[in-house]
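Structure first, commentary second.
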Amino acid sequence: MLKPSIPSNLSFREIVNKTSTYLPQIPKPKKKLTLTQRFAWSGLALLVYLIMGQVPLYGAPTSPFDPFAFARIIFASQQGTLIELGIGPIVTAGLLMQLLKGADIFKLDFSRPEDRALFTSAVKLVTIIVIIVEGTVYGSMVYKTEPSISTIIILQLIGASIIVMFLDELVQKGWGLGSGISLFIMAGVAQSVLWHMFSPINAQDNLPFGIIPMLIQMAINGNFDIYYALFRVGMLPNLISLFVTIAIIALLLFTQGMKIEIPLVSSRFRGFTASYPIKFMYVSNVPVILASALIANLVFMAQLFWANYNPLNTREELNWIAMFDPSDPQTPIGGIVKYLLPPRGIDATLLEPHHALIYIGILTGMVVLFGRLWVELGGLSPKSAASSLIGADVQIPGFRRTEASIEALLKKYIPAVTLMSSIFLGLLASGSDVLGAFGTGTGLLLMVDILINYYNLLLREKIDVFMPRLSALLGRKD
């Protein structure tokens, strides 16, 4: 006789529920903090993160091998410091859990508070596992040294990454504003943009690295060369990069105002009207983060594979996977992995236009796939949005107050907007990458989107302070 099998979902719930009781938690504040207090806590979290970025890893030898060189800005990390891994493990864990949820491996209903709490605990558990695995692999394979020193480096990487996880949790639990991940990314990208614009340190061409000091020095010396200023090579800031950076920021700000507004009326309060906005940037920056995290991990694994099995590019059967320059292990020169990274700058793009086009196609395709996945998982699908509107006691004039009728209306807009915004974001991020935008195209996209989200968050905070009843009516959640 066959024994009844235990559902895998039950085992998943049991594992997470039992394990989560042993996981340390950042408690929510006992009472709502003022806006000033939340600013202070956010600033403290950012300050701790920045200080960690200046503290070197004890015992770590200088290594020219930097697997995350291309993704340092996105992961808000610094090589050779306590934030060597940055927010990478947190983003990777979130990516894994969303892929598993998207594959319907875990039967969770996010309309139930207990399922949402279960998923949050599962993400935290997976994050700790990823931190341990990634810290161990990275510390032992990138910093190859004596076993005792290697163990110390691994423990530092794991401990620092867990602190970063708690800093993010601190901000998200109501002590700060927004999320720690967004805060750290924004600070890292802004720092990179300012450095490319204003750094006075001399570069290899004996001119200041920053584009503004370079132009000033060229004008003072009386040898202003407009062609050199436009096409300054060697991944150094030039005028084309500056123009691309300004254009990307302006375009992102312009598209933030593009939206479709569906009128709403309250089913409880007569005379109350509002609108449900479906923004052109409907998918936000999450699909770009997920696509970047996936590429970063693929390149990381490819670099480790190459360093251990094909360091001189002599094995033809492995060269199709990855080939790197032995004198500069950050630079892919062949294999599939080459096309996962962009040719940086206008000079490199003109030399290999096919490389740029393939990279643009790969990143855009990934963003489109993750955009659709995020809409389903993030409660942004037509069905989820219709359910939320019904739960908020509002209805659309001229339509029956049923979930099916509202969902049918939203299906006319949300799938099309999701596809268009994903393609736009993918093209914008990849295109500005190959043109050498300051802070990378993906970094600029994330920074602008995060700043706009913080602006909207501050507006909601003001509404909550000065008009608490309206805030409650709009369904604001802390």
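To be explicit about the labels: the chains of the structure tokens are called A, B, and onward in the order shown, and within each one the residues are counted from 1, while ligands get numbers from 1 in the order they are shown.
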
Contacts of Arg401 in chain A at 10 Å or less, counting only C-alpha atoms, minus same-chain residues fewer than 5 places along, as a list in words?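 Surrounding residues, per the criterion: Ser267, Ala386, Leu389, Ile390, Asp393, Val394, Gln395, Ile396 and Ile406 of chain A.
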
What would the file look like if the residues just selected were written as a CSV table (one decimal), in the first residue's frame with N, CA and C atoms?
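So again.csv came out as:
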```
chain,number,residue,atom,x,y,z
A,267,SER,N,-16.9,54.0,-2.1
A,267,SER,CA,-18.2,53.3,-1.9
A,267,SER,C,-18.7,53.6,-0.5
A,386,ALA,N,-7.0,44.7,-8.8
A,386,ALA,CA,-8.4,44.7,-8.6
A,386,ALA,C,-8.8,44.3,-7.2
A,389,LEU,N,-8.2,47.2,-4.9
A,389,LEU,CA,-9.2,48.3,-5.0
A,389,LEU,C,-10.5,47.9,-4.3
A,390,ILE,N,-10.9,46.7,-4.5
A,390,ILE,CA,-12.1,46.2,-3.8
A,390,ILE,C,-12.0,46.3,-2.3
A,393,ASP,N,-12.4,49.7,-0.6
A,393,ASP,CA,-13.8,50.3,-0.6
A,393,ASP,C,-13.9,51.4,-1.6
A,394,VAL,N,-13.3,51.2,-2.8
A,394,VAL,CA,-13.5,52.1,-3.9
A,394,VAL,C,-14.0,51.4,-5.1
A,395,GLN,N,-14.5,52.1,-6.1
A,395,GLN,CA,-15.0,51.5,-7.3
A,395,GLN,C,-14.7,52.5,-8.5
A,396,ILE,N,-14.8,51.9,-9.7
A,396,ILE,CA,-14.5,52.7,-10.9
A,396,ILE,C,-15.9,53.1,-11.4
A,406,ILE,N,-13.4,44.9,-12.7
A,406,ILE,CA,-12.3,45.8,-12.6
A,406,ILE,C,-11.0,45.2,-13.1
```

Could you name the residues that touch Thr245 in chain A at 9 Å or less, counting only C-alpha atoms, but leaving out those on the same chain fewer than 4 positions away, as a PyMOL selection string? chain A and resi 193+240-241+249-250+432+436-441+444

Write out as an MDAnalysis selection string all residues of range 123-242 of chain A that backbone DSSP assigns to alpha helix (DSSP H). chainID A and resid 123:141 147:170 180:198 211:221 226:231 239:242

Distance query Ile51 in chain A at most 10 Å, only C-alpha atoms, self and fewer than 5 positions along chain excluded, as JSON, numbers by chain: {"A": [46, 81, 82, 83]}

Could you write out that same residue set with C-alpha atoms as a PDB file, in the first residue's frame?
```
ATOM      1  CA  LEU A  46      24.121  54.945   5.987  1.00  0.00           C
ATOM      2  CA  THR A  81      36.809  46.306   2.710  1.00  0.00           C
ATOM      3  CA  LEU A  82      34.163  44.951   5.064  1.00  0.00           C
ATOM      4  CA  ILE A  83      31.509  45.625   2.417  1.00  0.00           C
TER       5      ILE A  83
END
```

State, in Å with one decimal place, the distance from CA of Asn456 in chain A to CA of Thr273 in chain A. 20.1 Å

Using only C-alpha atoms, the best pick from A:Ser430, A:Gln217, A:Gln37, A:Thr21 as closest to Lys124 in chain A would be A:Thr21

Just how far from CA of Tyr138 in chain A is CA of Leu304 in chain A, in Å to one decimal? 9.0 Å

Nearest-residue call for Ala76 in chain A, choices A:Gly210, A:Gly139, A:Gly188, A:Gly43, using only C-alpha atoms: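 Of A:Gly210, A:Gly139, A:Gly188, A:Gly43, the one nearest Ala76 in chain A is A:Gly188, counting only C-alpha atoms.
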